[in-house]
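Undergrad: Contents are compact mmCIF, C-alpha atoms and all ligand atoms; file name work-v1.txt:
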# COMPACT_ATOMS: atom_id res chain seq x y z
CA MET A 16 9.72 19.24 -24.88
CA MET A 17 8.76 22.34 -22.88
CA SER A 18 9.51 25.65 -24.58
CA ARG A 19 12.37 27.58 -23.03
CA PRO A 20 13.47 31.20 -23.21
CA PRO A 21 16.09 32.07 -25.85
CA LEU A 22 19.66 31.48 -24.73
CA ALA A 23 20.47 35.22 -24.83
CA SER A 24 17.71 36.00 -22.29
CA ALA A 25 18.78 33.12 -20.06
CA LEU A 26 22.36 34.43 -20.05
CA GLU A 27 21.17 37.97 -19.37
CA ARG A 28 19.04 36.78 -16.47
CA MET A 29 22.03 34.94 -14.99
CA ARG A 30 24.25 38.03 -15.36
CA GLU A 31 21.64 40.27 -13.75
CA ASP A 32 20.16 38.06 -11.03
CA CYS A 33 23.20 36.15 -9.80
CA THR A 34 24.43 38.03 -6.72
CA ASP A 35 27.78 36.20 -6.64
CA CYS A 36 26.89 34.93 -3.17
CA GLY A 37 29.01 31.83 -3.77
CA ALA A 38 26.57 29.32 -2.25
CA CYS A 39 26.72 27.18 -5.39
CA LEU A 40 30.43 27.68 -5.98
CA THR A 41 31.54 26.29 -2.63
CA ASN A 42 29.57 23.10 -3.34
CA CYS A 43 30.64 22.57 -6.95
CA ALA A 44 33.92 21.20 -8.30
CA PHE A 45 33.31 22.89 -11.67
CA LEU A 46 32.27 26.36 -10.45
CA SER A 47 35.05 26.45 -7.88
CA GLN A 48 37.45 26.48 -10.85
CA HIS A 49 35.66 29.08 -12.98
CA GLY A 50 33.70 31.38 -10.67
CA THR A 51 30.02 31.96 -10.01
CA PRO A 52 27.46 31.38 -12.79
CA GLY A 53 26.99 35.18 -13.02
CA THR A 54 30.72 35.62 -13.60
CA ILE A 55 30.82 32.82 -16.17
CA ALA A 56 27.81 34.27 -18.03
CA ALA A 57 29.60 37.64 -18.18
CA ARG A 58 33.09 36.40 -18.97
CA PHE A 59 32.61 33.82 -21.73
CA ASP A 60 31.58 34.50 -25.31
CA PHE A 61 28.72 32.07 -25.81
CA THR A 62 28.31 33.08 -29.43
CA SER A 63 31.59 31.33 -30.24
CA PRO A 64 32.00 27.54 -30.38
CA GLN A 65 35.14 27.83 -28.21
CA GLY A 66 33.35 29.85 -25.51
CA ARG A 67 30.60 27.28 -25.28
CA GLN A 68 33.02 24.43 -24.48
CA ILE A 69 32.87 25.34 -20.80
CA ALA A 70 29.27 24.12 -20.67
CA TYR A 71 30.54 20.55 -21.12
CA GLN A 72 32.37 20.77 -17.78
CA CYS A 73 29.10 21.07 -15.86
CA SER A 74 27.77 17.78 -14.48
CA LEU A 75 24.17 18.99 -14.86
CA CYS A 76 23.72 17.73 -11.32
CA GLY A 77 21.35 20.48 -10.13
CA LEU A 78 23.05 21.08 -6.77
CA CYS A 79 23.51 24.76 -7.63
CA ALA A 80 19.76 25.19 -8.16
CA ALA A 81 19.07 23.37 -4.89
CA VAL A 82 21.18 25.87 -2.90
CA CYS A 83 20.63 29.11 -4.85
CA PRO A 84 18.76 31.72 -2.78
CA GLU A 85 17.78 33.51 -6.02
CA LYS A 86 16.17 30.33 -7.41
CA LEU A 87 18.52 30.34 -10.41
CA ASP A 88 19.30 27.12 -12.26
CA PRO A 89 22.83 27.31 -13.69
CA GLY A 90 22.81 23.64 -14.74
CA ALA A 91 19.77 24.27 -16.97
CA LEU A 92 21.62 27.21 -18.52
CA PHE A 93 24.66 25.06 -19.30
CA LEU A 94 22.40 22.42 -20.87
CA ASP A 95 20.82 25.15 -23.01
CA ILE A 96 24.27 26.23 -24.15
CA ARG A 97 25.04 22.64 -25.16
CA ARG A 98 21.80 22.47 -27.12
CA ARG A 99 22.62 25.67 -28.98
CA HIS A 100 26.08 24.31 -29.75
CA VAL A 101 24.57 21.20 -31.35
CA GLU A 102 21.88 23.18 -33.21
CA ASP A 103 24.60 25.35 -34.74
CA GLY A 104 26.43 22.24 -35.98
CA ASP A 105 29.49 22.89 -33.80
CA PHE A 106 29.30 19.74 -31.66
CA GLU A 107 32.52 17.74 -31.78
CA SER A 108 31.63 14.12 -31.02
CA LYS A 109 35.17 12.74 -30.72
CA PRO A 110 35.50 12.99 -26.88
CA TYR A 111 32.10 11.30 -26.52
CA ARG A 112 32.65 8.46 -28.96
CA SER A 113 32.47 5.67 -26.35
CA ILE A 114 29.37 6.96 -24.54
CA LEU A 115 27.56 7.56 -27.83
CA ARG A 116 28.47 4.08 -29.00
CA TYR A 117 27.16 2.71 -25.70
CA GLU A 118 23.90 4.56 -26.26
CA SER A 119 23.64 3.60 -29.89
CA LEU A 120 24.15 -0.12 -29.19
CA GLY A 121 21.71 0.07 -26.28
CA GLY A 122 19.03 1.32 -28.67
CA SER A 123 19.86 -1.13 -31.48
CA ALA A 124 17.74 -4.15 -32.42
CA LEU A 125 20.54 -6.40 -31.19
CA PHE A 126 20.24 -5.19 -27.59
CA THR A 127 16.63 -4.06 -27.24
CA GLN A 128 13.82 -6.34 -26.18
CA TYR A 129 10.15 -5.62 -25.52
CA VAL A 130 8.34 -8.27 -23.48
CA VAL A 131 4.80 -7.02 -23.04
CA PRO A 132 2.57 -10.05 -22.34
CA PRO A 133 -1.22 -9.95 -22.82
CA GLY A 134 -2.90 -7.91 -20.09
CA CYS A 135 0.37 -6.21 -19.19
CA ASP A 136 0.06 -2.55 -18.28
CA THR A 137 3.30 -2.29 -16.28
CA VAL A 138 6.87 -2.91 -17.43
CA LEU A 139 10.25 -3.02 -15.75
CA PHE A 140 12.76 -0.74 -17.50
CA PRO A 141 16.12 -1.64 -15.92
CA GLY A 142 18.21 0.67 -18.16
CA CYS A 143 21.65 -0.21 -19.56
CA THR A 144 24.18 -0.21 -16.73
CA LEU A 145 22.38 -2.45 -14.23
CA PRO A 146 21.79 -5.28 -16.76
CA GLY A 147 25.34 -4.91 -18.09
CA THR A 148 27.10 -4.94 -14.73
CA ARG A 149 24.67 -7.15 -12.77
CA PRO A 150 22.66 -9.42 -15.11
CA ALA A 151 21.82 -11.98 -12.38
CA VAL A 152 20.63 -9.21 -10.04
CA THR A 153 18.52 -7.74 -12.84
CA LEU A 154 16.91 -11.11 -13.53
CA GLU A 155 16.21 -11.62 -9.83
CA LEU A 156 14.70 -8.11 -9.69
CA TYR A 157 12.37 -9.03 -12.55
CA ARG A 158 11.39 -12.29 -10.85
CA GLN A 159 10.69 -10.63 -7.51
CA LEU A 160 8.68 -7.82 -9.08
CA ARG A 161 6.58 -10.37 -10.97
CA ARG A 162 5.53 -11.77 -7.60
CA ILE A 163 4.12 -8.32 -6.89
CA VAL A 164 2.85 -7.57 -10.42
CA PRO A 165 2.23 -10.99 -12.09
CA SER A 166 1.63 -9.56 -15.59
CA LEU A 167 4.80 -7.44 -15.43
CA GLY A 168 6.63 -7.02 -18.73
CA ILE A 169 10.21 -5.92 -19.27
CA VAL A 170 11.87 -3.62 -21.76
CA LEU A 171 15.60 -3.69 -22.42
CA ALA A 172 16.57 -0.44 -24.13
CA CYS A 173 18.53 2.77 -23.66
CA CYS A 174 16.50 5.82 -22.59
CA GLY A 175 18.87 8.17 -24.44
CA LYS A 176 20.08 10.19 -21.45
CA PRO A 177 23.61 10.66 -22.89
CA SER A 178 22.23 12.39 -26.00
CA HIS A 179 19.82 14.37 -23.86
CA ASP A 180 22.67 15.65 -21.70
CA LEU A 181 24.93 16.38 -24.65
CA GLY A 182 22.26 18.63 -26.11
CA ARG A 183 21.53 16.30 -29.05
CA THR A 184 17.87 17.11 -28.71
CA ALA A 185 16.62 15.91 -32.10
CA HIS A 186 18.40 12.59 -31.72
CA PHE A 187 17.15 12.13 -28.17
CA GLN A 188 13.55 13.00 -29.04
CA ALA A 189 13.50 10.54 -31.94
CA ALA A 190 15.03 7.70 -29.89
CA PHE A 191 13.03 8.18 -26.71
CA GLY A 192 9.86 9.01 -28.64
CA THR A 193 10.06 5.58 -30.28
CA ILE A 194 10.24 3.87 -26.88
CA ARG A 195 7.42 5.94 -25.39
CA ASP A 196 5.11 5.47 -28.41
CA ARG A 197 5.73 1.75 -28.53
CA LEU A 198 4.91 1.34 -24.83
CA VAL A 199 1.75 3.42 -25.06
CA GLU A 200 0.63 1.54 -28.19
CA HIS A 201 1.07 -1.76 -26.32
CA GLY A 202 -1.23 -0.54 -23.54
CA VAL A 203 1.53 0.08 -20.99
CA ARG A 204 0.58 2.67 -18.39
CA THR A 205 3.27 2.31 -15.72
CA VAL A 206 7.04 2.04 -16.04
CA LEU A 207 9.13 0.75 -13.14
CA THR A 208 12.65 2.14 -13.40
CA ALA A 209 15.82 0.97 -11.67
CA CYS A 210 18.14 3.74 -12.91
CA PRO A 211 17.68 7.35 -11.74
CA ASN A 212 18.62 8.65 -15.19
CA CYS A 213 15.83 6.61 -16.81
CA THR A 214 13.48 7.80 -14.05
CA THR A 215 14.24 11.42 -14.91
CA ILE A 216 13.80 10.87 -18.62
CA PHE A 217 10.47 9.03 -18.26
CA SER A 218 9.24 11.61 -15.73
CA GLN A 219 10.08 14.54 -18.00
CA TYR A 220 9.27 13.15 -21.42
CA GLY A 221 7.12 10.05 -20.93
CA GLN A 222 3.72 11.63 -21.56
CA GLY A 223 0.97 9.04 -21.11
CA LEU A 224 3.09 6.94 -18.73
CA THR A 225 3.32 6.88 -14.94
CA VAL A 226 6.82 6.37 -13.58
CA GLN A 227 7.84 4.77 -10.33
CA THR A 228 11.20 3.41 -9.23
CA VAL A 229 11.49 -0.27 -8.37
CA TYR A 230 12.70 0.61 -4.87
CA GLN A 231 9.25 1.74 -3.76
CA PRO A 232 7.41 -1.59 -4.37
CA LEU A 233 10.44 -3.57 -3.15
CA HIS A 234 10.32 -1.65 0.14
CA LEU A 235 6.54 -1.54 0.38
CA HIS A 236 6.27 -5.31 0.02
CA GLY A 237 8.93 -5.86 2.65
CA LEU A 238 11.44 -7.73 0.50
CA ALA A 239 14.23 -6.84 2.91
CA LYS A 240 12.51 -8.78 5.67
CA GLY A 241 13.67 -12.35 5.96
CA VAL A 242 16.85 -11.76 3.93
CA ALA A 243 19.89 -13.28 5.65
CA ALA A 244 21.89 -10.08 5.44
CA GLY A 245 24.97 -11.10 7.40
CA ALA A 246 26.65 -8.76 9.85
CA SER A 247 25.14 -5.33 10.37
CA ARG A 248 27.24 -2.44 9.03
CA ALA A 249 27.26 1.33 9.39
CA VAL A 250 26.72 2.63 5.85
CA SER A 251 25.94 5.95 4.14
CA ILE A 252 23.55 6.54 1.26
CA HIS A 253 24.78 8.22 -1.90
CA ASP A 254 21.59 9.63 -3.42
CA PRO A 255 22.04 9.92 -7.21
CA CYS A 256 21.82 13.56 -8.33
CA PRO A 257 19.01 13.02 -10.92
CA GLY A 258 16.86 11.82 -8.00
CA ARG A 259 17.57 14.71 -5.60
CA ASP A 260 13.85 15.58 -5.46
CA ASP A 261 12.61 11.97 -5.45
CA VAL A 262 11.83 11.76 -1.74
CA ARG A 263 9.86 8.51 -2.09
CA THR A 264 12.78 6.65 -3.60
CA GLN A 265 15.17 8.16 -1.06
CA ALA A 266 12.91 6.89 1.74
CA ALA A 267 12.49 3.47 0.09
CA VAL A 268 16.25 2.95 -0.33
CA ARG A 269 16.83 3.89 3.29
CA GLY A 270 13.99 1.59 4.33
CA ILE A 271 15.52 -1.34 2.44
CA VAL A 272 18.96 -0.73 3.96
CA THR A 273 17.71 -0.41 7.54
CA GLY A 274 15.31 -3.31 6.94
CA LEU A 275 18.38 -5.44 6.23
CA GLY A 276 19.69 -4.48 9.67
CA HIS A 277 22.29 -1.91 8.65
CA THR A 278 22.78 1.44 10.40
CA LEU A 279 22.63 4.69 8.45
CA VAL A 280 25.02 7.59 8.85
CA GLU A 281 23.73 10.45 6.70
CA LEU A 282 26.22 12.37 4.55
CA ARG A 283 26.40 16.14 4.64
CA HIS A 284 25.43 16.18 0.98
CA SER A 285 22.42 13.90 0.83
CA ARG A 286 18.84 13.82 -0.44
CA ARG A 287 18.03 17.21 -2.02
CA LEU A 288 21.60 18.41 -1.46
CA THR A 289 23.31 15.32 -2.83
CA MET A 290 26.34 15.73 -5.09
CA CYS A 291 27.49 14.29 -8.41
CA CYS A 292 29.52 11.05 -8.32
CA GLY A 293 31.62 12.35 -11.23
CA GLU A 294 29.64 10.67 -14.02
CA GLY A 295 26.93 13.31 -14.40
CA GLY A 296 26.42 15.21 -17.65
CA THR A 297 29.04 13.04 -19.42
CA VAL A 298 31.62 15.29 -17.75
CA GLY A 299 34.05 12.41 -17.42
CA CYS A 300 34.52 12.47 -21.22
CA ALA A 301 35.22 16.22 -21.47
CA ALA A 302 36.97 16.84 -18.16
CA PRO A 303 38.13 13.64 -16.45
CA GLU A 304 39.95 15.66 -13.79
CA LEU A 305 36.64 17.21 -12.70
CA SER A 306 35.05 13.77 -12.58
CA ASP A 307 37.91 12.71 -10.28
CA GLN A 308 37.38 15.76 -8.06
CA TRP A 309 33.67 15.03 -7.61
CA ALA A 310 34.39 11.39 -6.74
CA ASP A 311 37.09 12.46 -4.32
CA ARG A 312 34.72 14.87 -2.56
CA ARG A 313 32.35 11.95 -2.06
CA ARG A 314 35.17 9.71 -0.82
CA ARG A 315 36.11 12.28 1.81
CA GLU A 316 32.52 12.61 3.02
CA ALA A 317 32.13 8.83 3.18
CA ASP A 318 35.05 8.77 5.62
CA ALA A 319 35.77 5.08 4.98
CA ARG A 320 32.14 3.98 5.47
CA VAL A 321 30.62 1.87 2.69
CA LEU A 322 28.37 3.88 0.37
CA VAL A 323 25.07 2.42 -0.80
CA THR A 324 23.36 3.79 -3.91
CA CYS A 325 20.48 2.94 -6.23
CA CYS A 326 22.40 3.93 -9.39
CA ALA A 327 24.64 1.37 -11.10
CA GLY A 328 26.58 4.21 -12.79
CA CYS A 329 27.29 5.95 -9.47
CA ALA A 330 28.23 2.62 -7.88
CA GLY A 331 30.78 1.94 -10.62
CA ARG A 332 32.25 5.45 -10.53
CA LEU A 333 32.49 5.76 -6.75
CA ASN A 334 33.70 2.23 -6.15
CA ARG A 335 36.89 3.23 -7.96
CA VAL A 336 37.73 5.55 -5.04
CA THR A 337 35.74 4.29 -2.04
CA PRO A 338 33.78 1.07 -1.32
CA THR A 339 30.32 1.48 -2.88
CA VAL A 340 27.57 -1.09 -3.38
CA HIS A 341 24.27 -1.06 -5.21
CA VAL A 342 21.25 -1.43 -2.95
CA LEU A 343 20.07 -4.35 -5.12
CA ASP A 344 23.36 -6.12 -4.35
CA LEU A 345 22.49 -5.79 -0.66
CA LEU A 346 19.03 -7.16 -1.29
CA PHE A 347 19.71 -9.99 -3.73
CA ARG A 348 23.25 -11.09 -2.87
CA PRO A 349 23.60 -9.82 0.70
CA LEU A 350 26.24 -12.23 1.89
CA VAL A 351 28.78 -11.13 -0.72
CA ALA A 352 27.69 -7.52 -1.35
CA PHE A 353 30.43 -6.04 0.82
CA HIS A 354 33.21 -8.17 -0.62
CA ARG A 355 35.83 -6.02 -2.29
CA ASN A 356 35.96 -8.44 -5.23
CA LEU A 357 32.17 -8.66 -5.69
CA PRO A 358 31.64 -9.69 -9.31
CA VAL A 359 30.59 -6.53 -11.17
CA ALA A 360 31.25 -6.73 -14.90
CA ARG A 361 33.05 -4.06 -16.91
CA ALA A 362 33.07 -3.33 -20.65
CA PRO A 363 33.26 -5.20 -22.97
CA PHE A 364 31.72 -7.97 -20.81
CA THR A 365 28.78 -5.67 -19.97
CA TYR A 366 27.69 -5.94 -23.61
CA VAL A 367 27.93 -9.73 -23.52
CA ASN A 368 25.94 -9.77 -20.28
CA ARG A 369 23.14 -7.74 -21.82
CA LEU A 370 22.87 -10.10 -24.76
CA LEU A 371 22.85 -13.14 -22.46
CA LEU A 372 20.24 -11.51 -20.24
CA LYS A 373 18.06 -10.81 -23.25
CA ARG A 374 18.22 -14.48 -24.17
CA ARG A 375 17.50 -15.64 -20.60
CA ILE A 376 14.47 -13.37 -20.28
CA LYS A 377 13.12 -14.67 -23.56
CA GLY A 378 13.58 -18.28 -22.37
CA GLU A 379 12.06 -17.53 -19.00
CA ARG A 380 8.93 -16.04 -20.53
CA LEU A 381 8.54 -19.03 -22.86
CA ASN A 382 8.94 -21.45 -19.95
CA ASN A 383 6.32 -19.57 -17.94
CA ALA A 384 3.90 -19.03 -20.82
S1 LIG B 401 23.88 30.48 -5.48
FE1 LIG B 401 22.70 31.59 -7.06
S2 LIG B 401 23.05 33.78 -6.63
FE2 LIG B 401 24.60 32.63 -5.46
S3 LIG B 401 26.41 32.60 -6.82
FE3 LIG B 401 25.23 30.74 -7.24
S4 LIG B 401 23.85 31.24 -8.96
FE4 LIG B 401 24.64 33.18 -8.10
S1 LIG B 402 24.70 21.62 -12.22
FE1 LIG B 402 26.20 20.75 -10.74
S2 LIG B 402 28.16 20.82 -11.86
FE2 LIG B 402 26.75 22.20 -12.96
S3 LIG B 402 27.12 24.22 -12.08
FE3 LIG B 402 25.44 23.30 -10.92
S4 LIG B 402 26.40 22.31 -9.12
FE4 LIG B 402 28.01 22.72 -10.63
Turn the structure described in the file into structure tokens.
TA:
Amino acid sequence: MMSRPPLASALERMREDCTDCGACLTNCAFLSQHGTPGTIAARFDFTSPQGRQIAYQCSLCGLCAAVCPEKLDPGALFLDIRRRHVEDGDFESKPYRSILRYESLGGSALFTQYVVPPGCDTVLFPGCTLPGTRPAVTLELYRQLRRIVPSLGIVLACCGKPSHDLGRTAHFQAAFGTIRDRLVEHGVRTVLTACPNCTTIFSQYGQGLTVQTVYQPLHLHGLAKGVAAGASRAVSIHDPCPGRDDVRTQAAVRGIVTGLGHTLVELRHSRRLTMCCGEGGTVGCAAPELSDQWADRRRREADARVLVTCCAGCAGRLNRVTPTVHVLDLLFRPLVAFHRNLPVARAPFTYVNRLLLKRRIKGERLNNA
């Protein structure tokens, strides 16, 4: 992990350099309740466990940094505060029990699977939510990518983003380090990710590995062409906030959608200026009302158009308030993707789906060996 300045200097810099211009505040559900980052840095006592609790209301979405004329990064500061909180032994895990259990099971022997065939230097890493909610789509993704990369392997595991975002640095480093080392030891050089959170984690911490999202090869190889996509629709893209700087994936997702014959209507908050769906930074566990506010902001921008996203987590969160589909649904089950009752599993069935998918992948590899 890159070294960072001590928390006290980061807070001082925020107090001194934030001009209270409000550019971030008007875009952020969290800051609009508490004031500018400069005000928060001055008002709260970050030496006390109670004062630090406010950091758990930040979605770590990065929109503030994208709009700040002073090039400040309040989200990074709030993540630093979380890390200090954990280092000091003050972290209270109770509100995060379900997400930590989700992560822990995702990294357990029961749910993980490494399929790295001989000669394989590239693996698909679909993450947790896509295989859990859309196992058939995940399997089809693997099959289609193997037509492009015949020796493609697949790894079912959790990248550890929840612990990363909660500031549980030691835990995250141990868990993700195991994945990274195992891939490198097996001769893997490239990881194809389907989840923007996994993409961020591999990009930041996956030394020795090249990371690319699956949407780029899918678009490049023209998979959208020839798909019977049904009636053309006017849709808007919800770019996931971890991928706000990933211009290649943003272009690929748009290319897939227009390649299927749909028309794009860009949202005011899109690409680099995209907003959180409400799931970011595990904020839904600490402040569900803020999660609702973010989702409602998105709903209002969507203005009744269907949202398309490349994040299964965003799709699940936003679909609770406005029709939202995953771009892989459009690609691999286009005739039903827009149906309101499209089968998308929820917990606890997501866990069952992941176990069944693990078994199917194992069988498929044996049959094709
Ligand atoms: S945009 Fe930057 S300078 Fe303006 S209030 Fe936010 S953090 Fe402060
Ligand atoms: S990272 Fe997102 S939620 Fe956190 S302060 Fe910045 S804009 Fe607000």
Undergrad: Could you name the residues that touch Ser251 in chain A at 6 Å or less, counting all atoms listed in the file, but leaving out those on the same chain fewer than 2 positions away, as a count of residues only?
TA: 4
Undergrad: Using only C-alpha atoms and all ligand atoms, what table do you get, as a tab-separated table, when you list each residue of chain A with an atom no more than 10 Å from ligand LIG 401 (chain B), its nearest pair of atoms, and their distance in Å rounded to one decimal, rows by chain then rising number?
TA:
residue	atom	partner	partner_atom	distance
A:Met29	CA	B:LIG401	S4	7.3
A:Arg30	CA	B:LIG401	FE4	8.7
A:Glu31	CA	B:LIG401	FE4	9.5
A:Asp32	CA	B:LIG401	S2	6.8
A:Cys33	CA	B:LIG401	FE4	3.7
A:Thr34	CA	B:LIG401	S2	4.5
A:Asp35	CA	B:LIG401	S3	3.9
A:Cys36	CA	B:LIG401	FE2	4.0
A:Gly37	CA	B:LIG401	S3	4.1
A:Ala38	CA	B:LIG401	S1	4.4
A:Cys39	CA	B:LIG401	FE3	4.3
A:Leu40	CA	B:LIG401	FE3	6.2
A:Thr41	CA	B:LIG401	FE3	9.0
A:Asn42	CA	B:LIG401	S1	9.6
A:Cys43	CA	B:LIG401	FE3	9.8
A:Leu46	CA	B:LIG401	FE3	8.9
A:Gly50	CA	B:LIG401	S3	8.3
A:Thr51	CA	B:LIG401	S3	4.9
A:Pro52	CA	B:LIG401	S4	5.3
A:Gly53	CA	B:LIG401	FE4	5.8
A:Thr54	CA	B:LIG401	FE4	8.6
A:Leu78	CA	B:LIG401	S1	9.5
A:Cys79	CA	B:LIG401	S1	6.1
A:Ala80	CA	B:LIG401	FE1	7.1
A:Ala81	CA	B:LIG401	S1	8.6
A:Val82	CA	B:LIG401	S1	5.9
A:Cys83	CA	B:LIG401	S1	3.6
A:Pro84	CA	B:LIG401	FE1	5.8
A:Glu85	CA	B:LIG401	S2	5.3
A:Lys86	CA	B:LIG401	FE1	6.7
A:Leu87	CA	B:LIG401	FE1	5.5
A:Asp88	CA	B:LIG401	S4	7.0
A:Pro89	CA	B:LIG401	S4	6.2
A:Gly90	CA	B:LIG401	S4	9.6
Undergrad: Let me know the centre plus edge lengths, in Å and rounded to one decimal, of a box with edges along x, y and z that contains all listed atoms of range 318-328 of chain A and is padded by 5 Å on every side, as AutoDock Vina command-line options.
TA:
--center_x 28.1 --center_y 5.1 --center_z -3.6 --size_x 25.3 --size_y 17.4 --size_z 28.4
Undergrad: Report, in Å with one decimal, the straight-line distance from CA of Thr208 in chain A to CA of Lys240 in chain A.
TA: 22.0 Å
Undergrad: Measuring between only C-alpha atoms, which one of A:Thr148, A:Asp105, A:Arg312, A:Ala239 shows the shortest distance to Phe364 in chain A?
TA: A:Thr148
Undergrad: At a cut-off of 10 Å, using all atoms listed in the file, what residues contact Thr324 in chain A? Leave out same-chain residues fewer than 5 positions from it and give the result as a list of chain:residue names.
TA: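 Residues meeting the cut-off are A:Ser251, A:Ile252, A:His253, A:Asp254, A:Pro255, A:Gln265, A:Val268, A:Arg269, A:Cys329, A:Ala330, A:Leu333, A:Thr339, A:Val340, A:His341, A:Val342, A:Leu343, A:Asp344.
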Undergrad: When you draw a straight line from CA of Val206 in chain A to CA of Val226 in chain A, how long is it in Å?
TA: 5.0 Å
Undergrad: Find the residue from A:Pro338, A:Gly328, A:Gly121, A:Pro132 that sits nearest to Leu370 in chain A; use all atoms listed in the file when measuring.
TA: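 Of all the options, A:Gly121 lies closest to Leu370 in chain A.
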Undergrad: Report the distance between CA of Thr337 in chain A and CA of Gly295 in chain A in Å, rounded to one decimal place.
TA: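 Distance between the two atoms: 17.7 Å.
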Undergrad: Of the residues A:Arg97, A:Arg348, A:Arg112, A:Arg314, which is the one nearest to Leu282 in chain A, using all atoms listed in the file?
TA: A:Arg314
